[in-house]
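Read the structure below first, then the notes.
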Amino acid sequence: MTYAEKLQHRITRTGSRLCVGLDPRPGDGGIGAVKGFLQRVVAETWEHAAAYKPNMAYFEAMGLEGIRILEELLQGMPSDVPVILDAKRSDIGETQKYYAQSYFKNWNVDAVTLNPFLGYDSIEPFLGWEGKGVYLLAVTSNPGSADFQRQMLADGRHVFELVTAMGARARAEGKATDVGYVVGLTNAADVLSKMPEAPLLVPGLGAQGGDLAALAAARRKAPDVINVSRGILYAGDALSFGERARQWAGRISEAYAVRSS
């Protein structure tokens with residue numbers, strides 16, 4: 001089963017396109033409380049989750065203990081829920097080979113986010129893994145995406161279309177790994193129509209203010225997932241993690257239902 005097929009199966013089974021972002025921030029309980037916190041999040045939300053997205057930065061910020069927490073968390077993930085490691089790795093090909101081996105061979109993750117701006121040879125070491133996926137940064141959710149990603153080239157294309165061309169090349173070469181893209185919902189309105197029918201990881205909903213109407217208007221058929229992190233982990237209301245996940249999954253599903261009507 002390819003990564004895209006596994007993700008589509010999960011979306012079909014649950015009716016959810018919600019990706020639950022795992023961005024732990026040690027509070028009063030310190031690092032020692034993070035492990036139990038994340039286990040509760042997963043235990044309460046997995047029925048509503050199409051995927052999980054642990055963000056490497058939050059775990060690395062806790063030092064080696066944070067990496068151990070992530071390793072143990074990954075070992076206990078529900079097997080039918082894809083895990084997208086948000087690492088945004090970018091380096092020369094030889095170094096990328098070891099990143100790919102680390103995540104796809106030794107860690108229990110299904111997909112990884114990559115920064116493609118070092119060129120095709122920098123993502124190629126990730127493209128030979130059966131059943132795995134990568135998400136290339138195409139248009140991120142921050143305002144700075146206008147500095148490079150959304151700039152127009154002399155031939156009329158935008159820079160992010162050079163990124164999607166990498167995915168087209170990988171498919172043409174018969175690479176084993178599925179290639180998708182990161183498209184921030186806050187900057188998606190004029191972008192989605194130019195994205196291929198490949199899996200999208202869509203951040204920017206919730207605390208970042210992204211509007212689901214752009215996705216509804218795009219009428220996409222690919223197994224896209226929409227990430228919510230703070231809106232589930234740190235909403236500051238009286239709801240449980242599971243109730244928040246159910247509500248966000250419902251909002252996303254409603255938007256897609258409007259799209260289909």
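We label chains A, B, ... in the order they appear in the structure tokens, count residues from 1 in each chain, and number ligands from 1 in the order shown.
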
Give me the residues within 7 Å of Ala50 of chain A as number ranges by chain, counting only C-alpha atoms and dropping any in the same chain fewer than 3 places off. A: 10-11, 16-19, 81

Pick out the residues sitting within 7 Å of segment 94-110 of chain A, and hand them over as a PDB file with N, CA, C and O atoms, in the first residue's frame; count only C-alpha atoms, and ignore anything fewer than 4 positions along from it in its own chain.
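Okay, this is what ended up in selection-v9.pdb:
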ATOM      1  N   TYR A   3       1.741   5.330   0.501  1.00  0.00           N
ATOM      2  CA  TYR A   3       1.375   6.274   1.561  1.00  0.00           C
ATOM      3  C   TYR A   3       0.042   6.950   1.255  1.00  0.00           C
ATOM      4  O   TYR A   3      -0.835   7.052   2.125  1.00  0.00           O
ATOM      5  N   LEU A  74       6.114   7.673  19.212  1.00  0.00           N
ATOM      6  CA  LEU A  74       5.962   7.076  17.891  1.00  0.00           C
ATOM      7  C   LEU A  74       5.756   5.568  17.970  1.00  0.00           C
ATOM      8  O   LEU A  74       4.992   4.991  17.195  1.00  0.00           O
ATOM      9  N   GLN A  75       6.411   4.940  18.912  1.00  0.00           N
ATOM     10  CA  GLN A  75       6.274   3.497  19.070  1.00  0.00           C
ATOM     11  C   GLN A  75       4.866   3.100  19.480  1.00  0.00           C
ATOM     12  O   GLN A  75       4.418   1.988  19.193  1.00  0.00           O
ATOM     13  N   PRO A  82      -1.811   7.508   9.887  1.00  0.00           N
ATOM     14  CA  PRO A  82      -0.517   7.957   9.374  1.00  0.00           C
ATOM     15  C   PRO A  82       0.107   9.039  10.267  1.00  0.00           C
ATOM     16  O   PRO A  82      -0.598   9.888  10.824  1.00  0.00           O
ATOM     17  N   VAL A  83       1.429   8.987  10.376  1.00  0.00           N
ATOM     18  CA  VAL A  83       2.184   9.968  11.146  1.00  0.00           C
ATOM     19  C   VAL A  83       3.085  10.742  10.191  1.00  0.00           C
ATOM     20  O   VAL A  83       3.890  10.150   9.463  1.00  0.00           O
ATOM     21  N   ILE A  84       2.926  12.061  10.203  1.00  0.00           N
ATOM     22  CA  ILE A  84       3.731  12.955   9.372  1.00  0.00           C
ATOM     23  C   ILE A  84       4.711  13.676  10.288  1.00  0.00           C
ATOM     24  O   ILE A  84       4.300  14.467  11.138  1.00  0.00           O
ATOM     25  N   LEU A  85       5.984  13.407  10.140  1.00  0.00           N
ATOM     26  CA  LEU A  85       6.991  14.079  10.959  1.00  0.00           C
ATOM     27  C   LEU A  85       7.314  15.428  10.328  1.00  0.00           C
ATOM     28  O   LEU A  85       7.816  15.496   9.206  1.00  0.00           O
ATOM     29  N   SER A 122      18.499  17.028  -3.532  1.00  0.00           N
ATOM     30  CA  SER A 122      18.415  17.053  -2.074  1.00  0.00           C
ATOM     31  C   SER A 122      17.199  16.296  -1.539  1.00  0.00           C
ATOM     32  O   SER A 122      17.172  15.907  -0.373  1.00  0.00           O
ATOM     33  N   PRO A 125      17.117  11.345  -2.021  1.00  0.00           N
ATOM     34  CA  PRO A 125      17.343  10.231  -1.088  1.00  0.00           C
ATOM     35  C   PRO A 125      16.079   9.780  -0.351  1.00  0.00           C
ATOM     36  O   PRO A 125      16.037   8.671   0.186  1.00  0.00           O
ATOM     37  N   PHE A 126      15.050  10.623  -0.310  1.00  0.00           N
ATOM     38  CA  PHE A 126      13.791  10.261   0.336  1.00  0.00           C
ATOM     39  C   PHE A 126      12.814   9.573  -0.606  1.00  0.00           C
ATOM     40  O   PHE A 126      11.738   9.159  -0.170  1.00  0.00           O
ATOM     41  N   LYS A 132       6.018   5.121   1.813  1.00  0.00           N
ATOM     42  CA  LYS A 132       6.299   6.358   2.536  1.00  0.00           C
ATOM     43  C   LYS A 132       5.926   7.568   1.686  1.00  0.00           C
ATOM     44  O   LYS A 132       5.691   7.464   0.481  1.00  0.00           O
ATOM     45  N   GLY A 133       5.889   8.742   2.328  1.00  0.00           N
ATOM     46  CA  GLY A 133       5.564   9.967   1.624  1.00  0.00           C
ATOM     47  C   GLY A 133       6.422  11.121   2.092  1.00  0.00           C
ATOM     48  O   GLY A 133       6.978  11.093   3.202  1.00  0.00           O
TER      49      GLY A 133
END

Which residues are close to Leu212 of chain A, i.e. within 8 Å by only C-alpha atoms, leaving aside same-chain residues fewer than 6 positions away? Reply as a PDB file with C-alpha atoms, in the first residue's frame.
ATOM      1  CA  LEU A 185      -4.370  27.858   4.351  1.00  0.00           C
ATOM      2  CA  LEU A 205      -6.397  26.681  10.363  1.00  0.00           C
ATOM      3  CA  ILE A 252     -13.546  20.546   7.982  1.00  0.00           C
ATOM      4  CA  ALA A 255     -16.534  22.635   4.301  1.00  0.00           C
TER       5      ALA A 255
END

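Of note, atom CA of Asn187 of chain A and atom CA of Val41 of chain A are spaced 28.4 Å apart.
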
Non-local contacts of Leu73 of chain A (9 Å; only C-alpha atoms; under 4 positions in same chain excluded) as a PyMOL selection string: chain A and resi 35+38-39+68-69+77

I need the chosen residues saved as a tab-separated table (two decimals), in the first residue's frame, with all heavy atoms.
chain	number	residue	atom	x	y	z
A	35	LYS	N	5.21	13.61	28.39
A	35	LYS	CA	4.90	12.27	27.90
A	35	LYS	C	3.44	11.91	28.17
A	35	LYS	O	2.71	11.48	27.26
A	35	LYS	CB	5.82	11.25	28.55
A	35	LYS	CG	5.52	9.81	28.18
A	35	LYS	CD	6.48	8.86	28.92
A	35	LYS	CE	6.09	7.42	28.75
A	35	LYS	NZ	6.99	6.50	29.49
A	38	LEU	N	0.97	14.03	25.99
A	38	LEU	CA	0.84	13.60	24.60
A	38	LEU	C	0.10	12.27	24.49
A	38	LEU	O	-0.68	12.07	23.54
A	38	LEU	CB	2.23	13.48	23.96
A	38	LEU	CG	2.96	14.80	23.74
A	38	LEU	CD1	4.39	14.55	23.30
A	38	LEU	CD2	2.24	15.66	22.71
A	39	GLN	N	0.33	11.38	25.41
A	39	GLN	CA	-0.39	10.11	25.40
A	39	GLN	C	-1.88	10.34	25.56
A	39	GLN	O	-2.70	9.66	24.91
A	39	GLN	CB	0.15	9.20	26.49
A	39	GLN	CG	1.53	8.63	26.20
A	39	GLN	CD	2.10	7.83	27.35
A	39	GLN	OE1	1.71	8.00	28.52
A	39	GLN	NE2	3.03	6.93	27.04
A	68	ARG	N	13.76	11.36	23.22
A	68	ARG	CA	13.32	10.08	23.80
A	68	ARG	C	11.80	10.04	23.94
A	68	ARG	O	11.17	9.00	23.71
A	68	ARG	CB	14.00	9.86	25.15
A	68	ARG	CG	15.46	9.43	25.05
A	68	ARG	CD	16.02	9.01	26.38
A	68	ARG	NE	16.30	10.17	27.23
A	68	ARG	CZ	17.49	10.77	27.30
A	68	ARG	NH1	18.50	10.33	26.56
A	68	ARG	NH2	17.68	11.80	28.09
A	69	ILE	N	11.21	11.17	24.32
A	69	ILE	CA	9.75	11.23	24.44
A	69	ILE	C	9.11	11.00	23.07
A	69	ILE	O	8.14	10.26	22.94
A	69	ILE	CB	9.31	12.59	25.02
A	69	ILE	CG1	9.71	12.69	26.50
A	69	ILE	CG2	7.81	12.79	24.86
A	69	ILE	CD1	9.52	14.07	27.09
A	77	MET	N	1.97	4.77	18.62
A	77	MET	CA	0.93	5.37	17.79
A	77	MET	C	0.00	4.30	17.22
A	77	MET	O	0.44	3.19	16.89
A	77	MET	CB	1.56	6.15	16.63
A	77	MET	CG	2.10	7.51	17.03
A	77	MET	SD	0.75	8.61	17.51
A	77	MET	CE	1.60	10.18	17.45

Using DSSP secondary structure from the backbone, list all alpha helix (DSSP H) positions within segment 146-232 of chain A, as a PDB file with N, CA, C and O atoms, in the first residue's frame.
ATOM      1  N   VAL A 159       7.323  30.548  -8.125  1.00  0.00           N
ATOM      2  CA  VAL A 159       8.390  29.710  -7.581  1.00  0.00           C
ATOM      3  C   VAL A 159       7.828  28.400  -7.046  1.00  0.00           C
ATOM      4  O   VAL A 159       8.431  27.336  -7.229  1.00  0.00           O
ATOM      5  N   PHE A 160       6.655  28.434  -6.401  1.00  0.00           N
ATOM      6  CA  PHE A 160       6.108  27.193  -5.852  1.00  0.00           C
ATOM      7  C   PHE A 160       5.789  26.174  -6.943  1.00  0.00           C
ATOM      8  O   PHE A 160       5.742  24.974  -6.683  1.00  0.00           O
ATOM      9  N   GLU A 161       5.598  26.645  -8.180  1.00  0.00           N
ATOM     10  CA  GLU A 161       5.358  25.705  -9.269  1.00  0.00           C
ATOM     11  C   GLU A 161       6.630  24.968  -9.677  1.00  0.00           C
ATOM     12  O   GLU A 161       6.559  23.888 -10.272  1.00  0.00           O
ATOM     13  N   LEU A 162       7.785  25.504  -9.343  1.00  0.00           N
ATOM     14  CA  LEU A 162       9.024  24.752  -9.514  1.00  0.00           C
ATOM     15  C   LEU A 162       9.079  23.592  -8.530  1.00  0.00           C
ATOM     16  O   LEU A 162       9.650  22.539  -8.821  1.00  0.00           O
ATOM     17  N   VAL A 163       8.473  23.805  -7.363  1.00  0.00           N
ATOM     18  CA  VAL A 163       8.410  22.744  -6.356  1.00  0.00           C
ATOM     19  C   VAL A 163       7.482  21.631  -6.836  1.00  0.00           C
ATOM     20  O   VAL A 163       7.828  20.443  -6.767  1.00  0.00           O
ATOM     21  N   THR A 164       6.314  21.979  -7.334  1.00  0.00           N
ATOM     22  CA  THR A 164       5.400  20.930  -7.812  1.00  0.00           C
ATOM     23  C   THR A 164       5.987  20.204  -9.028  1.00  0.00           C
ATOM     24  O   THR A 164       5.676  19.034  -9.259  1.00  0.00           O
ATOM     25  N   ALA A 165       6.842  20.880  -9.785  1.00  0.00           N
ATOM     26  CA  ALA A 165       7.508  20.215 -10.906  1.00  0.00           C
ATOM     27  C   ALA A 165       8.437  19.106 -10.412  1.00  0.00           C
ATOM     28  O   ALA A 165       8.648  18.109 -11.125  1.00  0.00           O
ATOM     29  N   MET A 166       8.990  19.256  -9.209  1.00  0.00           N
ATOM     30  CA  MET A 166       9.807  18.190  -8.636  1.00  0.00           C
ATOM     31  C   MET A 166       8.970  16.942  -8.398  1.00  0.00           C
ATOM     32  O   MET A 166       9.406  15.822  -8.653  1.00  0.00           O
ATOM     33  N   GLY A 167       7.765  17.133  -7.893  1.00  0.00           N
ATOM     34  CA  GLY A 167       6.884  15.993  -7.687  1.00  0.00           C
ATOM     35  C   GLY A 167       6.514  15.329  -8.997  1.00  0.00           C
ATOM     36  O   GLY A 167       6.463  14.090  -9.092  1.00  0.00           O
ATOM     37  N   ALA A 168       6.265  16.128 -10.032  1.00  0.00           N
ATOM     38  CA  ALA A 168       5.955  15.568 -11.350  1.00  0.00           C
ATOM     39  C   ALA A 168       7.139  14.765 -11.876  1.00  0.00           C
ATOM     40  O   ALA A 168       6.966  13.694 -12.472  1.00  0.00           O
ATOM     41  N   ARG A 169       8.339  15.259 -11.647  1.00  0.00           N
ATOM     42  CA  ARG A 169       9.532  14.526 -12.093  1.00  0.00           C
ATOM     43  C   ARG A 169       9.656  13.196 -11.359  1.00  0.00           C
ATOM     44  O   ARG A 169       9.968  12.164 -11.965  1.00  0.00           O
ATOM     45  N   ALA A 170       9.411  13.217 -10.054  1.00  0.00           N
ATOM     46  CA  ALA A 170       9.495  11.978  -9.272  1.00  0.00           C
ATOM     47  C   ALA A 170       8.506  10.941  -9.780  1.00  0.00           C
ATOM     48  O   ALA A 170       8.835   9.757  -9.895  1.00  0.00           O
ATOM     49  N   ARG A 171       7.293  11.365 -10.102  1.00  0.00           N
ATOM     50  CA  ARG A 171       6.294  10.431 -10.633  1.00  0.00           C
ATOM     51  C   ARG A 171       6.713   9.912 -12.005  1.00  0.00           C
ATOM     52  O   ARG A 171       6.573   8.715 -12.296  1.00  0.00           O
ATOM     53  N   ALA A 172       7.233  10.805 -12.835  1.00  0.00           N
ATOM     54  CA  ALA A 172       7.658  10.390 -14.173  1.00  0.00           C
ATOM     55  C   ALA A 172       8.798   9.383 -14.113  1.00  0.00           C
ATOM     56  O   ALA A 172       8.908   8.499 -14.979  1.00  0.00           O
ATOM     57  N   ALA A 213     -12.912  28.229   3.380  1.00  0.00           N
ATOM     58  CA  ALA A 213     -13.627  28.500   2.133  1.00  0.00           C
ATOM     59  C   ALA A 213     -12.739  28.289   0.912  1.00  0.00           C
ATOM     60  O   ALA A 213     -13.209  27.865  -0.141  1.00  0.00           O
ATOM     61  N   ALA A 214     -11.448  28.562   1.059  1.00  0.00           N
ATOM     62  CA  ALA A 214     -10.534  28.382  -0.070  1.00  0.00           C
ATOM     63  C   ALA A 214     -10.456  26.921  -0.468  1.00  0.00           C
ATOM     64  O   ALA A 214     -10.433  26.585  -1.662  1.00  0.00           O
ATOM     65  N   LEU A 215     -10.423  26.033   0.518  1.00  0.00           N
ATOM     66  CA  LEU A 215     -10.402  24.604   0.225  1.00  0.00           C
ATOM     67  C   LEU A 215     -11.727  24.150  -0.370  1.00  0.00           C
ATOM     68  O   LEU A 215     -11.765  23.326  -1.279  1.00  0.00           O
ATOM     69  N   ALA A 216     -12.820  24.680   0.154  1.00  0.00           N
ATOM     70  CA  ALA A 216     -14.130  24.300  -0.361  1.00  0.00           C
ATOM     71  C   ALA A 216     -14.260  24.669  -1.831  1.00  0.00           C
ATOM     72  O   ALA A 216     -14.812  23.915  -2.636  1.00  0.00           O
ATOM     73  N   ALA A 217     -13.704  25.826  -2.193  1.00  0.00           N
ATOM     74  CA  ALA A 217     -13.823  26.293  -3.572  1.00  0.00           C
ATOM     75  C   ALA A 217     -12.924  25.520  -4.527  1.00  0.00           C
ATOM     76  O   ALA A 217     -13.191  25.468  -5.731  1.00  0.00           O
ATOM     77  N   ALA A 218     -11.870  24.903  -4.003  1.00  0.00           N
ATOM     78  CA  ALA A 218     -10.892  24.240  -4.870  1.00  0.00           C
ATOM     79  C   ALA A 218     -11.386  22.918  -5.437  1.00  0.00           C
ATOM     80  O   ALA A 218     -10.881  22.442  -6.449  1.00  0.00           O
ATOM     81  N   ARG A 230      -2.663  24.127  18.010  1.00  0.00           N
ATOM     82  CA  ARG A 230      -3.047  24.866  19.209  1.00  0.00           C
ATOM     83  C   ARG A 230      -4.537  24.772  19.505  1.00  0.00           C
ATOM     84  O   ARG A 230      -4.937  24.746  20.666  1.00  0.00           O
ATOM     85  N   GLY A 231      -5.351  24.702  18.461  1.00  0.00           N
ATOM     86  CA  GLY A 231      -6.796  24.651  18.664  1.00  0.00           C
ATOM     87  C   GLY A 231      -7.263  23.376  19.337  1.00  0.00           C
ATOM     88  O   GLY A 231      -8.389  23.323  19.843  1.00  0.00           O
ATOM     89  N   ILE A 232      -6.411  22.358  19.375  1.00  0.00           N
ATOM     90  CA  ILE A 232      -6.741  21.111  20.075  1.00  0.00           C
ATOM     91  C   ILE A 232      -5.946  20.983  21.366  1.00  0.00           C
ATOM     92  O   ILE A 232      -6.482  20.650  22.410  1.00  0.00           O
TER      93      ILE A 232
END

Nearby residues (only C-alpha atoms) at most 12 Å from Leu200 of chain A, same-chain spacing under 2 positions excluded, as an mmCIF file with C-alpha atoms, in the first residue's frame:
data_model
loop_
_atom_site.group_PDB
_atom_site.id
_atom_site.type_symbol
_atom_site.label_atom_id
_atom_site.label_comp_id
_atom_site.auth_asym_id
_atom_site.auth_seq_id
_atom_site.Cartn_x
_atom_site.Cartn_y
_atom_site.Cartn_z
ATOM 1 C CA ALA A 4 -1.372 8.085 -0.342
ATOM 2 C CA LEU A 7 -4.008 8.126 4.018
ATOM 3 C CA GLN A 8 -7.028 7.914 1.726
ATOM 4 C CA ARG A 17 -9.397 15.144 7.145
ATOM 5 C CA LEU A 18 -8.122 16.475 10.444
ATOM 6 C CA CYS A 19 -4.396 16.267 11.094
ATOM 7 C CA ILE A 84 3.731 12.955 9.372
ATOM 8 C CA ALA A 111 5.840 10.822 5.891
ATOM 9 C CA THR A 113 8.142 17.395 5.491
ATOM 10 C CA GLY A 133 5.564 9.967 1.624
ATOM 11 C CA VAL A 134 7.185 13.377 1.629
ATOM 12 C CA TYR A 135 5.584 16.805 1.736
ATOM 13 C CA LEU A 136 7.597 19.510 -0.009
ATOM 14 C CA LEU A 137 7.216 23.057 1.253
ATOM 15 C CA ALA A 138 5.371 24.837 -1.551
ATOM 16 C CA VAL A 139 3.511 27.782 -0.001
ATOM 17 C CA THR A 140 3.860 28.050 3.753
ATOM 18 C CA THR A 164 5.400 20.930 -7.812
ATOM 19 C CA ASP A 178 4.598 9.576 -2.763
ATOM 20 C CA VAL A 179 5.211 13.319 -3.093
ATOM 21 C CA GLY A 180 2.792 15.844 -1.634
ATOM 22 C CA TYR A 181 3.024 19.512 -0.739
ATOM 23 C CA VAL A 182 2.634 21.878 2.188
ATOM 24 C CA VAL A 183 0.190 24.678 1.373
ATOM 25 C CA GLY A 184 -0.676 27.105 4.157
ATOM 26 C CA LEU A 185 -4.370 27.858 4.351
ATOM 27 C CA ALA A 188 -3.984 29.300 -0.308
ATOM 28 C CA VAL A 191 -2.523 28.811 -5.023
ATOM 29 C CA LEU A 192 -4.799 25.781 -4.791
ATOM 30 C CA MET A 195 -1.618 22.527 -7.170
ATOM 31 C CA PRO A 196 -1.675 19.007 -8.647
ATOM 32 C CA GLU A 197 -3.954 16.286 -7.308
ATOM 33 C CA ALA A 198 -1.350 15.087 -4.841
ATOM 34 C CA VAL A 202 -2.540 22.248 5.011
ATOM 35 C CA PRO A 203 -1.507 24.199 8.129
ATOM 36 C CA LEU A 215 -10.402 24.604 0.225
ATOM 37 C CA ARG A 220 -9.876 18.850 -4.744
ATOM 38 C CA LYS A 221 -10.051 15.049 -4.750
ATOM 39 C CA ALA A 222 -6.612 14.167 -3.361
ATOM 40 C CA PRO A 223 -6.193 12.901 0.237
ATOM 41 C CA ASP A 224 -5.497 16.328 1.711
ATOM 42 C CA VAL A 225 -5.316 16.804 5.480
ATOM 43 C CA ILE A 226 -5.765 20.031 7.417
ATOM 44 C CA ASN A 227 -3.622 20.526 10.493
#

According to DSSP computed on the backbone, where in segment 104-221 of chain A is there strand (DSSP E)? Give the residues as a list in words.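 Strand (DSSP E) members of segment 104-221 of chain A, listed: Ala111, Val112, Thr113, Leu114, Gly133, Val134, Tyr135, Leu136, Leu137, Ala138, Val139, Asp178, Val179, Gly180, Tyr181, Val182, Val183, Leu200, Leu201 and Val202 of chain A.
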
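Distance check against Gly144 of chain A using only C-alpha atoms: of A:Asn115, A:Thr186, A:Glu5, A:Pro199, the minimum falls on A:Thr186.
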
To one decimal place, how far is atom CA of Asp80 of chain A from atom CA of Gly250 of chain A in Å?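 Calculated distance between atom CA of Asp80 of chain A and atom CA of Gly250 of chain A is 20.2 Å.
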
Give me, as JSON lines, the closest atom pair and its distance (Å, one decimal) for every residue of segment 64-176 of chain A within a cut-off of 12 Å of segment 26-31 of chain A, counting only C-alpha atoms, rows sorted by chain and rising number.
{"residue": "A:Leu64", "atom": "CA", "partner": "A:Ile31", "partner_atom": "CA", "distance": 11.0}
{"residue": "A:Glu65", "atom": "CA", "partner": "A:Ile31", "partner_atom": "CA", "distance": 8.0}
{"residue": "A:Gly66", "atom": "CA", "partner": "A:Ile31", "partner_atom": "CA", "distance": 7.7}
{"residue": "A:Ile67", "atom": "CA", "partner": "A:Ile31", "partner_atom": "CA", "distance": 11.4}
{"residue": "A:Arg68", "atom": "CA", "partner": "A:Ile31", "partner_atom": "CA", "distance": 11.2}
{"residue": "A:Ile69", "atom": "CA", "partner": "A:Ile31", "partner_atom": "CA", "distance": 9.3}
{"residue": "A:Leu70", "atom": "CA", "partner": "A:Ile31", "partner_atom": "CA", "distance": 12.0}

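Using only C-alpha atoms, the shortest contact distance between Arg251 of chain A and any of A:Arg40, A:Ala33, A:Arg219, A:Asp211 is found at A:Asp211.
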
Can you work out the spacing between atom CA of Asp121 of chain A and atom CA of Ala87 of chain A in Å, to one decimal?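 Atom-to-atom, atom CA of Asp121 of chain A and atom CA of Ala87 of chain A are spaced 18.0 Å apart.
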
Find the residues near Trp46 of chain A: any atom within 9 Å, counting only C-alpha atoms, skip ones fewer than 2 places away on the same chain, and give them as a PyMOL selection string. chain A and resi 20+41-44+48-52+78+81+242+245

Please dump the current selection as an mmCIF file, in the first residue's frame; keep N, CA, C and O atoms.
data_model
loop_
_atom_site.group_PDB
_atom_site.id
_atom_site.type_symbol
_atom_site.label_atom_id
_atom_site.label_comp_id
_atom_site.auth_asym_id
_atom_site.auth_seq_id
_atom_site.Cartn_x
_atom_site.Cartn_y
_atom_site.Cartn_z
ATOM 1 N N VAL A 20 -3.900 16.135 13.461
ATOM 2 C CA VAL A 20 -3.691 16.664 14.809
ATOM 3 C C VAL A 20 -2.208 16.969 14.985
ATOM 4 O O VAL A 20 -1.368 16.063 14.966
ATOM 5 N N VAL A 41 -3.496 13.092 24.654
ATOM 6 C CA VAL A 41 -3.961 13.697 23.399
ATOM 7 C C VAL A 41 -4.250 12.619 22.363
ATOM 8 O O VAL A 41 -5.316 12.601 21.736
ATOM 9 N N VAL A 42 -3.311 11.705 22.181
ATOM 10 C CA VAL A 42 -3.489 10.651 21.178
ATOM 11 C C VAL A 42 -4.650 9.726 21.558
ATOM 12 O O VAL A 42 -5.485 9.374 20.715
ATOM 13 N N ALA A 43 -4.712 9.346 22.823
ATOM 14 C CA ALA A 43 -5.766 8.433 23.262
ATOM 15 C C ALA A 43 -7.154 9.028 23.059
ATOM 16 O O ALA A 43 -8.108 8.309 22.739
ATOM 17 N N GLU A 44 -7.288 10.339 23.215
ATOM 18 C CA GLU A 44 -8.597 10.990 23.124
ATOM 19 C C GLU A 44 -8.958 11.417 21.701
ATOM 20 O O GLU A 44 -10.135 11.617 21.399
ATOM 21 N N HIS A 48 -10.821 10.610 15.680
ATOM 22 C CA HIS A 48 -11.197 11.737 14.820
ATOM 23 C C HIS A 48 -10.055 12.191 13.925
ATOM 24 O O HIS A 48 -10.218 13.137 13.156
ATOM 25 N N ALA A 49 -8.902 11.545 14.016
ATOM 26 C CA ALA A 49 -7.706 12.006 13.320
ATOM 27 C C ALA A 49 -7.472 11.239 12.029
ATOM 28 O O ALA A 49 -7.452 10.006 12.027
ATOM 29 N N ALA A 50 -7.274 11.970 10.940
ATOM 30 C CA ALA A 50 -6.821 11.351 9.698
ATOM 31 C C ALA A 50 -5.320 11.133 9.739
ATOM 32 O O ALA A 50 -4.799 10.234 9.069
ATOM 33 N N ALA A 51 -4.613 11.953 10.517
ATOM 34 C CA ALA A 51 -3.159 11.844 10.638
ATOM 35 C C ALA A 51 -2.720 12.610 11.878
ATOM 36 O O ALA A 51 -3.477 13.417 12.438
ATOM 37 N N TYR A 52 -1.487 12.332 12.290
ATOM 38 C CA TYR A 52 -0.832 13.109 13.350
ATOM 39 C C TYR A 52 0.416 13.762 12.774
ATOM 40 O O TYR A 52 1.069 13.210 11.883
ATOM 41 N N PRO A 78 -1.301 4.624 17.054
ATOM 42 C CA PRO A 78 -2.216 3.688 16.388
ATOM 43 C C PRO A 78 -1.704 3.363 14.992
ATOM 44 O O PRO A 78 -1.378 4.267 14.220
ATOM 45 N N VAL A 81 -3.245 5.052 11.722
ATOM 46 C CA VAL A 81 -3.278 6.511 11.589
ATOM 47 C C VAL A 81 -1.906 6.982 11.094
ATOM 48 O O VAL A 81 -0.919 6.852 11.817
ATOM 49 N N GLY A 242 -10.458 15.237 22.877
ATOM 50 C CA GLY A 242 -11.298 14.513 21.945
ATOM 51 C C GLY A 242 -12.454 15.344 21.439
ATOM 52 O O GLY A 242 -12.797 15.292 20.249
ATOM 53 N N ALA A 245 -11.113 17.840 18.954
ATOM 54 C CA ALA A 245 -10.794 17.176 17.691
ATOM 55 C C ALA A 245 -12.066 16.872 16.904
ATOM 56 O O ALA A 245 -12.105 17.060 15.681
#

6 Å contact set for Gly21 of chain A, only C-alpha atoms, chain neighbours under 6 positions out, as JSON, numbers by chain: {"A": [52, 53, 54, 228, 229]}

Give me a file of those residues, with all heavy atoms, as an mmCIF file, in the first residue's frame.
data_model
loop_
_atom_site.group_PDB
_atom_site.id
_atom_site.type_symbol
_atom_site.label_atom_id
_atom_site.label_comp_id
_atom_site.auth_asym_id
_atom_site.auth_seq_id
_atom_site.Cartn_x
_atom_site.Cartn_y
_atom_site.Cartn_z
ATOM 1 N N TYR A 52 -1.487 12.332 12.290
ATOM 2 C CA TYR A 52 -0.832 13.109 13.350
ATOM 3 C C TYR A 52 0.416 13.762 12.774
ATOM 4 O O TYR A 52 1.069 13.210 11.883
ATOM 5 C CB TYR A 52 -0.433 12.216 14.529
ATOM 6 C CG TYR A 52 -1.588 11.808 15.400
ATOM 7 C CD1 TYR A 52 -2.131 10.529 15.314
ATOM 8 C CD2 TYR A 52 -2.155 12.702 16.309
ATOM 9 C CE1 TYR A 52 -3.202 10.147 16.106
ATOM 10 C CE2 TYR A 52 -3.225 12.329 17.102
ATOM 11 C CZ TYR A 52 -3.743 11.052 17.003
ATOM 12 O OH TYR A 52 -4.803 10.679 17.787
ATOM 13 N N LYS A 53 0.753 14.941 13.333
ATOM 14 C CA LYS A 53 1.939 15.648 12.859
ATOM 15 C C LYS A 53 2.767 16.146 14.047
ATOM 16 O O LYS A 53 2.600 17.275 14.509
ATOM 17 C CB LYS A 53 1.560 16.832 11.959
ATOM 18 C CG LYS A 53 2.778 17.563 11.367
ATOM 19 C CD LYS A 53 2.358 18.700 10.475
ATOM 20 C CE LYS A 53 1.851 19.895 11.229
ATOM 21 N NZ LYS A 53 2.888 20.544 12.083
ATOM 22 N N PRO A 54 3.687 15.325 14.544
ATOM 23 C CA PRO A 54 4.612 15.828 15.553
ATOM 24 C C PRO A 54 5.624 16.784 14.919
ATOM 25 O O PRO A 54 6.168 16.490 13.846
ATOM 26 C CB PRO A 54 5.296 14.562 16.083
ATOM 27 C CG PRO A 54 5.107 13.533 15.020
ATOM 28 C CD PRO A 54 3.869 13.883 14.269
ATOM 29 N N VAL A 228 -4.471 21.056 12.682
ATOM 30 C CA VAL A 228 -4.826 21.922 13.810
ATOM 31 C C VAL A 228 -3.956 21.495 14.984
ATOM 32 O O VAL A 228 -3.964 20.322 15.365
ATOM 33 C CB VAL A 228 -6.316 21.815 14.193
ATOM 34 C CG1 VAL A 228 -6.627 22.716 15.391
ATOM 35 C CG2 VAL A 228 -7.207 22.185 13.011
ATOM 36 N N SER A 229 -3.221 22.419 15.551
ATOM 37 C CA SER A 229 -2.348 22.118 16.687
ATOM 38 C C SER A 229 -2.858 22.811 17.941
ATOM 39 O O SER A 229 -3.433 22.189 18.825
ATOM 40 C CB SER A 229 -0.905 22.556 16.385
ATOM 41 O OG SER A 229 -0.388 21.863 15.270
#
